[in-house]
Structures are given as C-alpha cells and as structure tokens.
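Data file: model-v8.txt. Format and content: compact mmCIF, C-alpha atoms and all ligand atoms.
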# COMPACT_ATOMS: atom_id res chain seq x y z
CA MET A 1 242.48 37.44 94.91
CA SER A 2 239.96 38.42 97.48
CA GLN A 3 240.55 41.67 99.40
CA ASN A 4 240.28 41.67 103.15
CA ILE A 5 238.43 44.36 105.08
CA VAL A 6 238.73 44.70 108.83
CA ILE A 7 235.57 46.00 110.46
CA LEU A 8 235.96 47.96 113.71
CA PRO A 9 232.52 48.98 115.04
CA GLY A 10 233.90 50.62 118.22
CA ASP A 11 231.61 52.33 120.71
CA GLY A 12 228.38 54.29 121.09
CA ILE A 13 226.54 54.51 117.77
CA GLY A 14 229.54 52.81 116.09
CA PRO A 15 228.05 49.29 116.02
CA GLU A 16 224.65 50.61 114.79
CA ILE A 17 226.01 52.61 111.86
CA VAL A 18 228.67 50.08 110.91
CA ALA A 19 225.98 47.36 110.74
CA GLN A 20 224.27 49.36 107.95
CA ALA A 21 227.55 49.78 106.06
CA VAL A 22 228.25 46.06 106.37
CA LYS A 23 224.85 45.33 104.79
CA VAL A 24 225.97 47.43 101.81
CA LEU A 25 229.30 45.56 101.56
CA GLU A 26 227.52 42.19 101.80
CA HIS A 27 225.18 43.23 98.99
CA LEU A 28 228.13 44.25 96.79
CA ARG A 29 229.86 40.94 97.60
CA ASP A 30 226.82 38.70 97.06
CA GLU A 31 225.06 40.48 94.18
CA ARG A 32 227.70 42.51 92.37
CA GLY A 33 230.82 40.37 92.34
CA LEU A 34 232.92 42.37 94.80
CA ASP A 35 235.55 39.85 95.93
CA ILE A 36 236.02 40.63 99.62
CA THR A 37 236.23 38.97 103.00
CA MET A 38 235.39 40.77 106.24
CA GLN A 39 236.73 40.29 109.74
CA GLU A 40 235.47 42.13 112.81
CA ALA A 41 237.76 43.25 115.66
CA LEU A 42 237.73 45.33 118.83
CA VAL A 43 238.90 48.92 119.27
CA GLY A 44 238.26 51.77 121.71
CA GLY A 45 236.11 51.37 124.81
CA ALA A 46 234.81 47.99 123.67
CA ALA A 47 238.43 46.77 123.55
CA ILE A 48 239.20 48.30 126.96
CA ASP A 49 236.29 46.40 128.51
CA ALA A 50 237.32 43.12 126.88
CA THR A 51 241.12 43.30 127.06
CA GLY A 52 242.17 46.24 129.26
CA GLY A 53 243.56 48.37 126.39
CA PRO A 54 242.04 50.42 123.51
CA LEU A 55 244.07 48.76 120.73
CA PRO A 56 244.71 45.04 121.23
CA GLY A 57 247.75 43.69 119.37
CA GLU A 58 245.47 41.33 117.47
CA THR A 59 243.42 44.27 116.10
CA LEU A 60 246.53 46.14 114.98
CA ASN A 61 247.94 43.02 113.30
CA LEU A 62 244.65 42.34 111.50
CA ALA A 63 244.51 45.98 110.36
CA LYS A 64 248.12 45.84 109.13
CA ALA A 65 247.40 42.72 107.10
CA ALA A 66 244.12 44.07 105.66
CA ASP A 67 243.52 45.90 102.39
CA ALA A 68 241.24 48.41 104.12
CA VAL A 69 239.73 49.17 107.52
CA LEU A 70 236.21 50.42 108.23
CA LEU A 71 235.81 52.14 111.60
CA GLY A 72 232.63 53.32 113.33
CA ALA A 73 233.66 55.60 116.20
CA VAL A 74 235.27 55.30 119.62
CA GLY A 75 234.70 56.87 123.02
CA GLY A 76 231.98 57.36 125.60
CA TYR A 77 231.19 58.73 129.06
CA GLN A 78 232.10 55.52 130.89
CA TRP A 79 235.76 55.70 129.81
CA GLU A 80 236.31 59.43 130.35
CA SER A 81 237.77 59.01 133.85
CA LEU A 82 240.53 56.66 132.62
CA ASP A 83 244.11 57.85 132.32
CA ALA A 84 244.65 59.63 128.97
CA SER A 85 247.17 56.99 127.89
CA ILE A 86 244.55 54.21 127.80
CA ARG A 87 241.43 56.11 126.72
CA PRO A 88 239.43 54.86 123.70
CA GLU A 89 240.76 57.66 121.45
CA LYS A 90 244.29 56.27 121.90
CA GLY A 91 243.13 53.25 119.92
CA LEU A 92 242.42 55.48 116.96
CA LEU A 93 245.74 57.32 117.19
CA GLY A 94 247.52 53.96 117.54
CA LEU A 95 245.88 52.73 114.34
CA ARG A 96 246.82 55.90 112.42
CA ALA A 97 250.44 55.68 113.59
CA GLY A 98 250.71 51.88 113.30
CA LEU A 99 249.37 51.88 109.74
CA GLU A 100 251.43 54.97 108.76
CA LEU A 101 248.37 56.82 107.49
CA PHE A 102 249.88 60.13 106.40
CA ALA A 103 247.12 61.34 104.06
CA ASN A 104 243.75 62.40 105.35
CA LEU A 105 241.02 62.81 102.74
CA ARG A 106 237.93 64.69 103.78
CA PRO A 107 235.25 65.42 101.24
CA ALA A 108 232.77 68.16 101.90
CA LEU A 109 229.72 67.30 99.90
CA LEU A 110 226.22 68.52 100.03
CA PHE A 111 223.49 66.65 98.25
CA GLU A 112 221.11 69.09 96.56
CA GLU A 113 218.28 67.70 98.67
CA LEU A 114 219.95 68.86 101.91
CA ALA A 115 220.94 72.37 100.84
CA GLN A 116 218.64 73.87 103.47
CA ALA A 117 220.74 72.22 106.23
CA SER A 118 223.72 74.51 105.60
CA THR A 119 224.26 77.82 107.34
CA LEU A 120 225.19 79.29 103.94
CA ARG A 121 222.69 80.22 101.24
CA PRO A 122 221.49 77.18 99.26
CA GLU A 123 222.74 78.56 95.92
CA VAL A 124 226.28 78.86 97.38
CA VAL A 125 226.44 75.25 98.61
CA ALA A 126 223.84 73.13 96.76
CA GLY A 127 225.68 70.34 94.96
CA LEU A 128 228.98 71.15 96.71
CA ASP A 129 231.56 68.39 96.19
CA ILE A 130 235.12 69.22 97.21
CA LEU A 131 237.90 67.13 98.70
CA ILE A 132 240.48 68.34 101.21
CA VAL A 133 243.71 66.32 101.36
CA ARG A 134 245.51 67.03 104.64
CA GLU A 135 249.03 65.92 105.52
CA LEU A 136 248.53 64.01 108.78
CA THR A 137 251.85 62.93 110.26
CA GLY A 138 254.21 65.91 109.84
CA GLY A 139 254.39 69.68 110.03
CA ILE A 140 254.12 71.84 113.11
CA TYR A 141 252.18 69.26 115.15
CA PHE A 142 255.22 66.98 115.17
CA GLY A 143 258.22 69.23 114.38
CA GLN A 144 261.17 69.43 116.78
CA PRO A 145 262.26 71.38 118.75
CA ARG A 146 259.11 72.22 120.64
CA GLY A 147 258.24 73.17 124.17
CA VAL A 148 258.08 76.01 126.67
CA ARG A 149 261.35 77.51 127.91
CA THR A 150 262.28 80.24 130.36
CA LEU A 151 264.31 83.11 128.98
CA GLU A 152 267.14 84.89 130.78
CA ASN A 153 264.80 87.64 131.94
CA GLY A 154 262.54 85.02 133.52
CA GLU A 155 259.77 85.31 130.92
CA ARG A 156 258.48 82.03 129.51
CA GLU A 157 258.37 81.39 125.76
CA GLY A 158 256.42 78.72 123.89
CA TYR A 159 257.80 77.44 120.58
CA ASN A 160 257.02 74.91 117.85
CA THR A 161 258.70 74.10 114.58
CA LEU A 162 257.07 73.92 111.17
CA VAL A 163 259.20 71.50 109.21
CA TYR A 164 258.53 69.59 105.97
CA ARG A 165 260.99 67.44 104.08
CA GLU A 166 260.71 67.29 100.27
CA SER A 167 259.80 63.60 100.43
CA GLU A 168 256.92 64.33 102.83
CA VAL A 169 255.52 67.02 100.54
CA GLU A 170 255.96 64.83 97.50
CA ARG A 171 254.06 61.84 98.91
CA ILE A 172 251.05 63.89 100.07
CA ALA A 173 251.02 65.87 96.82
CA ARG A 174 251.00 62.63 94.80
CA VAL A 175 247.96 61.39 96.76
CA ALA A 176 246.22 64.67 95.95
CA PHE A 177 247.15 64.58 92.25
CA ARG A 178 245.83 61.01 91.96
CA ALA A 179 242.62 62.00 93.75
CA ALA A 180 242.18 64.92 91.34
CA GLN A 181 242.64 62.52 88.42
CA LYS A 182 239.76 60.44 89.79
CA ARG A 183 237.59 63.55 90.16
CA ASN A 184 237.43 66.73 88.07
CA GLY A 185 241.16 67.15 87.38
CA ARG A 186 241.77 70.35 89.38
CA LEU A 187 244.14 70.68 92.33
CA CYS A 188 244.65 73.75 94.51
CA SER A 189 247.67 73.63 96.82
CA VAL A 190 247.22 75.79 99.91
CA ASP A 191 250.27 77.32 101.63
CA LYS A 192 251.65 80.51 103.13
CA ALA A 193 254.63 80.73 100.81
CA ASN A 194 254.80 84.52 101.12
CA VAL A 195 255.77 84.22 104.80
CA LEU A 196 256.90 80.66 105.60
CA GLU A 197 259.98 79.18 103.89
CA SER A 198 258.81 75.63 104.65
CA THR A 199 255.72 76.20 102.55
CA GLU A 200 257.75 77.98 99.86
CA LEU A 201 259.49 74.61 99.50
CA TRP A 202 256.07 72.93 99.62
CA ARG A 203 254.96 75.00 96.61
CA GLU A 204 258.19 74.27 94.73
CA VAL A 205 257.78 70.49 95.22
CA VAL A 206 254.10 70.56 94.14
CA ASN A 207 255.12 72.41 90.97
CA ARG A 208 258.01 70.02 90.27
CA ILE A 209 255.91 66.85 90.40
CA SER A 210 252.96 68.43 88.58
CA SER A 211 254.62 67.49 85.27
CA ASP A 212 253.88 63.83 86.13
CA TYR A 213 250.16 64.66 86.07
CA PRO A 214 249.60 66.68 82.87
CA ASP A 215 245.88 65.95 83.06
CA VAL A 216 245.57 67.86 86.36
CA GLU A 217 245.33 71.65 86.42
CA VAL A 218 247.33 73.01 89.39
CA SER A 219 246.85 76.28 91.21
CA HIS A 220 248.20 77.73 94.48
CA MET A 221 246.47 79.80 97.12
CA TYR A 222 247.54 81.37 100.41
CA VAL A 223 245.72 79.85 103.35
CA ASP A 224 244.05 83.08 104.47
CA ASN A 225 242.56 83.54 101.02
CA ALA A 226 241.56 79.85 100.88
CA ALA A 227 239.58 80.23 104.12
CA MET A 228 237.80 83.23 102.64
CA GLN A 229 237.12 81.55 99.29
CA LEU A 230 235.74 78.41 100.99
CA VAL A 231 232.99 80.52 102.51
CA ARG A 232 232.54 82.92 99.56
CA ASP A 233 232.41 80.44 96.70
CA PRO A 234 233.29 76.88 97.79
CA LYS A 235 232.16 75.31 94.51
CA GLN A 236 235.18 76.86 92.70
CA PHE A 237 237.34 74.05 94.20
CA ASP A 238 237.77 70.40 93.28
CA VAL A 239 240.70 69.04 95.37
CA LEU A 240 242.70 71.06 97.92
CA VAL A 241 245.99 69.80 99.36
CA THR A 242 247.63 71.35 102.38
CA THR A 243 249.75 70.98 105.52
CA ASN A 244 248.70 69.30 108.74
CA MET A 245 247.65 72.45 110.61
CA PHE A 246 246.10 74.32 107.68
CA GLY A 247 244.21 71.12 106.77
CA ASP A 248 242.99 70.65 110.31
CA ILE A 249 241.38 74.07 110.27
CA LEU A 250 240.15 74.18 106.67
CA SER A 251 238.61 70.70 106.75
CA ASP A 252 236.52 71.56 109.80
CA LEU A 253 235.45 74.78 108.16
CA ALA A 254 234.53 72.91 104.98
CA SER A 255 232.61 70.20 106.82
CA MET A 256 230.29 72.81 108.27
CA LEU A 257 229.42 74.06 104.78
CA SER A 258 227.39 70.91 104.40
CA GLY A 259 225.46 71.31 107.62
CA SER A 260 225.28 67.80 108.99
CA ILE A 261 227.99 65.87 110.73
CA GLY A 262 226.08 62.64 110.05
CA MET A 263 226.69 62.87 106.29
CA LEU A 264 230.47 63.20 105.95
CA PRO A 265 232.91 60.33 105.34
CA SER A 266 236.70 60.37 105.54
CA ALA A 267 239.71 58.31 104.54
CA SER A 268 243.25 58.11 105.89
CA LEU A 269 245.69 56.51 103.46
CA ASP A 270 249.20 55.06 103.56
CA LYS A 271 251.72 55.12 100.72
CA ASN A 272 250.16 52.08 99.03
CA ASN A 273 246.60 53.47 99.16
CA LYS A 274 245.65 51.14 101.94
CA GLY A 275 243.26 53.11 104.09
CA MET A 276 241.15 53.47 107.16
CA TYR A 277 237.67 54.77 106.41
CA GLU A 278 235.39 56.37 108.99
CA PRO A 279 232.66 58.96 109.41
CA ILE A 280 234.03 62.30 110.67
CA HIS A 281 231.70 62.29 113.68
CA GLY A 282 232.26 60.63 117.05
CA SER A 283 230.39 57.93 118.95
CA ALA A 284 227.43 60.19 119.83
CA PRO A 285 226.80 58.65 123.26
CA ASP A 286 223.73 60.90 123.66
CA ILE A 287 221.82 58.88 121.05
CA ALA A 288 223.63 55.51 121.24
CA GLY A 289 221.47 52.38 121.37
CA GLN A 290 218.36 54.24 120.17
CA ASP A 291 218.46 53.33 116.46
CA LYS A 292 218.43 57.07 115.68
CA ALA A 293 221.91 57.78 114.28
CA ASN A 294 222.46 58.69 110.65
CA PRO A 295 224.37 55.82 108.98
CA LEU A 296 225.00 57.69 105.70
CA ALA A 297 228.48 59.03 106.60
CA THR A 298 229.57 55.45 107.25
CA ILE A 299 227.95 54.16 104.06
CA LEU A 300 229.66 56.98 102.13
CA SER A 301 232.93 55.90 103.80
CA VAL A 302 232.40 52.52 102.10
CA ALA A 303 232.10 54.38 98.78
CA MET A 304 235.45 56.08 99.48
CA MET A 305 236.98 52.70 100.33
CA LEU A 306 235.76 51.30 97.00
CA ARG A 307 237.26 54.26 95.15
CA TYR A 308 240.62 54.69 96.92
CA SER A 309 241.66 51.28 98.30
CA LEU A 310 239.68 48.62 96.46
CA GLN A 311 239.98 50.28 93.01
CA GLN A 312 236.27 49.86 92.28
CA PRO A 313 235.19 53.34 91.13
CA ALA A 314 232.06 52.07 89.38
CA LEU A 315 230.80 50.44 92.58
CA ALA A 316 231.66 53.63 94.52
CA ASP A 317 229.38 55.52 92.11
CA VAL A 318 226.66 52.91 92.65
CA VAL A 319 226.73 53.43 96.43
CA GLU A 320 226.75 57.23 96.17
CA THR A 321 223.87 57.15 93.71
CA ALA A 322 221.87 54.93 96.07
CA VAL A 323 222.41 57.43 98.92
CA GLN A 324 221.33 60.26 96.65
CA LYS A 325 218.19 58.31 95.71
CA VAL A 326 217.06 57.74 99.30
CA LEU A 327 217.53 61.45 100.00
CA ALA A 328 215.60 62.36 96.85
CA ASP A 329 212.86 59.98 98.00
CA GLY A 330 212.61 62.11 101.15
CA LEU A 331 214.05 59.74 103.75
CA ARG A 332 215.68 61.58 106.63
CA THR A 333 217.17 60.50 109.95
CA ALA A 334 216.49 62.89 112.83
CA ASP A 335 219.71 64.93 112.38
CA ILE A 336 218.78 65.98 108.81
CA CYS A 337 215.02 66.23 109.28
CA ALA A 338 213.35 69.53 108.49
CA ALA A 339 210.38 70.72 110.54
CA GLY A 340 207.28 68.69 109.72
CA GLN A 341 209.16 65.65 108.39
CA THR A 342 209.01 62.28 110.16
CA PRO A 343 212.45 60.78 110.80
CA VAL A 344 213.38 57.21 109.90
CA SER A 345 215.56 55.00 112.11
CA THR A 346 219.17 53.98 111.50
CA THR A 347 218.02 50.53 110.38
CA GLN A 348 215.30 51.91 108.09
CA MET A 349 217.84 54.23 106.44
CA GLY A 350 220.25 51.31 105.93
CA ASP A 351 217.47 49.18 104.46
CA ALA A 352 216.42 52.02 102.15
CA VAL A 353 219.97 52.35 100.78
CA LEU A 354 220.03 48.59 100.27
CA ALA A 355 216.71 48.74 98.40
CA ALA A 356 218.05 51.63 96.26
CA LEU A 357 221.10 49.50 95.40
P1 LIG A 401 230.06 63.44 118.31
O1 LIG A 401 230.45 63.64 116.89
O2 LIG A 401 230.02 62.05 118.80
O3 LIG A 401 228.61 64.08 118.56
C1 LIG A 401 228.33 65.47 118.39
C2 LIG A 401 226.81 65.65 118.17
O4 LIG A 401 226.48 65.17 116.87
C3 LIG A 401 225.96 64.85 119.15
O5 LIG A 401 224.81 65.59 119.47
C4 LIG A 401 225.57 63.61 118.38
O6 LIG A 401 224.34 63.03 118.77
C5 LIG A 401 225.52 64.14 116.94
N1 LIG A 401 225.87 63.10 115.97
C6 LIG A 401 227.12 62.61 115.73
N2 LIG A 401 227.07 61.65 114.79
C7 LIG A 401 225.79 61.54 114.43
C8 LIG A 401 225.10 60.71 113.51
N3 LIG A 401 225.73 59.79 112.75
N4 LIG A 401 223.77 60.83 113.40
C9 LIG A 401 223.11 61.75 114.14
N5 LIG A 401 223.70 62.56 115.02
C10 LIG A 401 225.02 62.46 115.17
O7 LIG A 401 231.07 64.32 119.19
P2 LIG A 401 231.21 64.44 120.76
O8 LIG A 401 229.86 64.40 121.40
O9 LIG A 401 232.09 65.59 120.98
O10 LIG A 401 232.04 63.15 121.20
C11 LIG A 401 231.43 61.95 121.70
C12 LIG A 401 232.51 60.90 121.88
O11 LIG A 401 233.05 60.56 120.60
C13 LIG A 401 233.69 61.34 122.73
O12 LIG A 401 234.08 60.27 123.53
C14 LIG A 401 234.75 61.70 121.72
O13 LIG A 401 236.05 61.57 122.22
C15 LIG A 401 234.48 60.68 120.65
N6 LIG A 401 234.94 61.05 119.30
C16 LIG A 401 235.39 60.03 118.52
C17 LIG A 401 235.76 60.28 117.22
C18 LIG A 401 236.18 59.11 116.37
O14 LIG A 401 235.99 57.98 116.76
N7 LIG A 401 236.73 59.35 115.19
C19 LIG A 401 235.69 61.57 116.69
C20 LIG A 401 235.20 62.59 117.50
C21 LIG A 401 234.82 62.32 118.80

Would you encode the structure as structure tokens?
Ligand code: NAD
Amino acid sequence: MSQNIVILPGDGIGPEIVAQAVKVLEHLRDERGLDITMQEALVGGAAIDATGGPLPGETLNLAKAADAVLLGAVGGYQWESLDASIRPEKGLLGLRAGLELFANLRPALLFEELAQASTLRPEVVAGLDILIVRELTGGIYFGQPRGVRTLENGEREGYNTLVYRESEVERIARVAFRAAQKRNGRLCSVDKANVLESTELWREVVNRISSDYPDVEVSHMYVDNAAMQLVRDPKQFDVLVTTNMFGDILSDLASMLSGSIGMLPSASLDKNNKGMYEPIHGSAPDIAGQDKANPLATILSVAMMLRYSLQQPALADVVETAVQKVLADGLRTADICAAGQTPVSTTQMGDAVLAAL
C-alpha cells in the first residue's frame, strides 16, 4: 500500500529547499519504485496569512493521517509582532504535540569534503557521523511543580522538577536501541546518575531493556564528561540517548562540530516510528527568495525519512551517497563555500543531487 507524505514548505527559504527535496522524492517514486503519494499543506506564517492561524485543523489532520511529514521551516520578520500564541513557531509546537513526537533524532555528520568548515581540527571531525536521540516531551521542561514562589522571609525562589517515569525512559531508550541497530550497534546513554535520582532510574531502565538488544553494545556516561568527550574525540560515539534538557544542550554542541547549519537534518518520531523530518535551521529570512539557501539538510531529512519511517534503508543510502558525490564533485552553496570557490544556487544544488541519483 502506498505511503502518504505530507509536505509542509512553510516560510522564508522553506518553499525553496523543500522544492529540491520533493524533486528527490519524485525521482525515487518515478524511477526507483518508491510507493508514495504526496500532499502539500500550510503551516507557520503562510498559514497565518491564508487562514489566520499557524496550524490549520486541516494540516494537523493530514499530518495525523500521514506516514511521514516533511517540513521546511517557519517564521519571518513580518509575523514577529503577532501575539506569541499565534506566531508561526506555534504551528511547529502544535505539530510536535499533536503527533506525540517524543523522540528527537539529530545526527551530527561531517562529510570529509567539508572538514575545513568545522571550528575543530579536520582530523578530529572529518567523517564524523553520530546520532543524538533526545527525549522531547518530558523531563524538567515539563515536570510539575514548577514556578517562582515567595518564601516566608520575602525572598523569591524559582523551582522546576526533573521527573521521568519508567515508561517514558523505556520508550525513548527503545528508539535509540533500534537506531543503533540500524547504524554501528553502539549506544551511549548520557545521565547524571551520580547526583540525580531520576537519572539513576533512567540508567536502570536502559540496562534492563538492553537484554532485548543483544546486538547493541551499551555504555553510560555522565553528561559533563559527555560534553567534554564530544569536543575531545566525537568520533568515539555512534548513538547517544539522553534526557530532554541534556539533549537540548548536547545536540546544539554536536551540530556545531560539523560547521554548517545548512547540512544537518533531524527527525522527531512517535511510538510507531511515524515522524516529522526537517532541517535543523530556521527560515533564514535574510536570504529567502534569492535561490541561495543550501537544500542539503532538507534532502538529508528525506534520507532520514526513508530510513526511520518508510523502512527503505537502501534508498536512504542512495540519497546520502548522491549528496556525498555532489560535494566530492566540488559543488557548494554559499554557506559552505571556501574562499575562491564559486557558489551554486539552491536549484542548481538540487539538480546536481538529482543527476547524482
Ligand atoms: P536561521 O536558522 O533561520 O538562520 C541563521 C543563519 O543561518 C542565517 O544567516 C541564515 O541565512 C543561515 N542559514 C540558515 N539555513 C540556511 C541554509 N539552508 N542555507 C544557507 N544559510 C542558511 O535562524 P534565525 O535567523 O535565528 O531565525 C529565522 C527565523 O526562523 C525566525 O523566525 C525563527 O523563529 C525561525 N526558526 C524556525 C525554525 C524551524 O522552523 N524549525 C528553527 C529555528 C528558527
């Protein structure tokens, strides 16, 4: 049965980069037997302009019924003065909540050809390929009680609660174990079990379910050490799994190892592996409409979709190999161009990937 993909171009450079990714999907459908249908819908500022709100009910319903969602980016200067409750970014949060996307997968990968783009030495990062799995809907960002209260002596006190149920740890850990099975079979769980009881339980649950994945080698690391190791020797890792807050921080750190925001895809998954796939960058209003944006993060998001939601790992490899080929051939959009190189446009980069396919 054909699988349905909802396409949400969004705002700014969103429509330009998503158009290149759609060309890749059409090629896989028409030439390589990928059985998919695609439907486009509105989200973010584009939806506000057309309907008054950032996430029309029709878009949410289509996304709920779909097998996967591909999103460009949302936001832009013209919507910044709106009330926070109806800004474009609310559309994104509404999708994450409405689809119950509790697992955020962020690879940090650095193609050999772009090693010079990193702030770290090329030999430390060239060929880097790690995956951070972050719990997205629990932990200290959502735990109750929370707030700011006034003590008897009149001093104010801010407080939040770090809370994880066993079932929450188990479901995110299972996503990470399965991801490790699809990659190099190594999983490092990051916690602060020496200080925080909630992450002591986290570690216990990860160990308990590890027996279901005998082909995955499990290790544990305290978060402070993990931050240090990510900068010292990031290639020692394959998959990392961690809490919402630790993952927030570590995934941003890891994304900078690879130098360019225009290269990194992401996935957010629900319990059935249905996912929303998007580049990690925003709508880049400063270069929107100029055919300058790098479409590779969005095209690599399609590769993640093929691997995690559509169960087509061979086609995911095909797409990643095509991206590697265009980089090896020397094609660069402006954001990854070294001095003396001539940049190609968004469309030219998309066409080059298509030709490499
Ligand atoms: P941004 O990621 O849009 O841009 C940061 C810088 O990176 C800009 O100079 C931009 O030109 C550049 N850049 C980003 N993507 C690029 C690409 N593919 N190719 C080349 N250069 C690229 O972040 P920002 O400027 O802080 O935010 C702009 C808007 O995007 C805001 O409205 C923000 O709320 C929104 N935003 C949306 C998302 C999302 O949709 N997931 C994420 C972050 C920010």

Can I get the residues close to ligand LIG 401 (chain A) as a compact mmCIF listing (two decimals) with C-alpha atoms, keeping the file's coordinate frame, where close means within 6 Å and we count only C-alpha atoms and all ligand atoms?
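The resulting file, selection-v2.txt, is shown below:
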# COMPACT_ATOMS: atom_id res chain seq x y z
CA ALA A 73 233.66 55.60 116.20
CA VAL A 74 235.27 55.30 119.62
CA GLY A 75 234.70 56.87 123.02
CA GLY A 76 231.98 57.36 125.60
CA ILE A 261 227.99 65.87 110.73
CA GLY A 262 226.08 62.64 110.05
CA HIS A 281 231.70 62.29 113.68
CA GLY A 282 232.26 60.63 117.05
CA SER A 283 230.39 57.93 118.95
CA ALA A 284 227.43 60.19 119.83
CA PRO A 285 226.80 58.65 123.26
CA ASP A 286 223.73 60.90 123.66
CA ILE A 287 221.82 58.88 121.05
CA ALA A 293 221.91 57.78 114.28
CA ASN A 294 222.46 58.69 110.65
CA PRO A 295 224.37 55.82 108.98
CA ASP A 335 219.71 64.93 112.38

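Look at stretch 265-278 of chain A: the protein and nucleic acid residues within 6 Å of it, using only C-alpha atoms and passing over chain neighbours fewer than 4 places away, are A:Asp67, A:Ala68, A:Val69, A:Leu70, A:Leu71, A:Gly72, A:Glu100, A:Leu101, A:Phe102, A:Ala103, A:Asn104, A:Leu105, A:Arg106, A:Ala297, A:Leu300, A:Ser301, A:Ser309.
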
Notebook entry, point to check: How many Å separate atom CA of A:Cys337 from atom CA of A:Asp252?
Noted result: 22.2 Å

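The space separating atom CA of A:Val216 from atom CA of A:Arg186 comes to 5.5 Å.
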
Checklist line | Residue neighbourhood A:Ile130, 12 Å, only C-alpha atoms, exclusion window fewer than 2 positions, as a PyMOL selection string | finding: chain A and resi 105-111+125-128+132-133+179-180+183-188+230+233-241+250-251+254-255+257-258+264

Next item on the list: For each of A:Leu354, A:Val231, A:Val169, A:Val323, take the minimum atom-to-atom distance to A:Thr243, counting only C-alpha atoms, then give the residue where this is smallest.
Entry: A:Val169

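Using only C-alpha atoms, the shortest contact distance between A:Glu80 and any of A:Leu92, A:Leu99, A:Ile48, A:Val190 is found at A:Ile48.
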
Note to self: For a quick check of understanding, using only C-alpha atoms, which of A:Arg149, A:Glu26, A:Leu95, A:Ser189 has the smallest distance to A:Glu58?
What the structure shows: A:Leu95

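Taking only C-alpha atoms into account, those protein, DNA and RNA residues with any atom at most 6 Å away from (215.2, 70.5, 106.8) amount to A:Gln116, A:Ala117, A:Cys337, A:Ala338.
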
Kindly provide, as a PDB file with C-alpha atoms, in the coordinates of the input, the polymer residues lying within 8 Å of (252.5, 45.1, 111.1), counting only C-alpha atoms and using the coordinates exactly as they appear in the file.
ATOM      1  CA  LEU A  60     246.530  46.140 114.980  1.00  0.00           C
ATOM      2  CA  ASN A  61     247.940  43.020 113.300  1.00  0.00           C
ATOM      3  CA  LYS A  64     248.120  45.840 109.130  1.00  0.00           C
ATOM      4  CA  ALA A  65     247.400  42.720 107.100  1.00  0.00           C
ATOM      5  CA  GLY A  98     250.710  51.880 113.300  1.00  0.00           C
ATOM      6  CA  LEU A  99     249.370  51.880 109.740  1.00  0.00           C
TER       7      LEU A  99
END

Notebook entry, point to check: Which value, in Å to one decimal, gives the distance between atom CA of A:Ile336 and atom CA of A:Thr119?
Noted result: 13.1 Å

Checklist line | Spatial neighbours of A:Gly139, max dist 9 Å, all atoms listed in the file, sep filter under 3 positions, as a ChimeraX atom specification | finding: /A:135-136,142-143,161-164,243-245

Next item on the list: Go through A:Ser345, A:Val124, A:Ala303, A:Asn207 and flag the residue nearest A:Leu331, using only C-alpha atoms for the distances.
Entry: A:Ser345

Item checked: Top pick for closest residue to A:Ser210, considering A:Ala173, A:Glu89, A:Glu197, A:Gln229 and counting all atoms listed in the file -> A:Ala173

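Comparing the minimum interatomic distances between A:Ser211 and each of A:Phe177, A:Gln3, A:Val318, A:Asn225, counting all atoms listed in the file, we find that A:Phe177 sits nearest.
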
Let me have the centre and edge lengths in Å, one decimal, of the box along x, y and z around every listed atom of stretch 99-110 of chain A with 8 Å of margin on each side, as JSON.
{"center_x": 238.8, "center_y": 60.2, "center_z": 104.8, "size_x": 41.2, "size_y": 32.6, "size_z": 25.8}

Notebook entry, point to check: If we count all atoms listed in the file, what is near A:Ser85 at a cut-off of 10 Å, once residues fewer than 6 positions away on the same chain are taken out, given as a PyMOL selection string?
Noted result: chain A and resi 53-54+91

Which residues of stretch 230-322 of chain A come within 8 Å of stretch 18-25 of chain A, and for each one, what is the closest pair of atoms and their distance in Å to one decimal, counting only C-alpha atoms, sorted by chain and residue number, as a tab-separated table?
residue	atom	partner	partner_atom	distance
A:Pro295	CA	A:Gln20	CA	6.5
A:Thr298	CA	A:Ala21	CA	6.1
A:Ile299	CA	A:Ala21	CA	4.8
A:Val302	CA	A:Ala21	CA	6.8
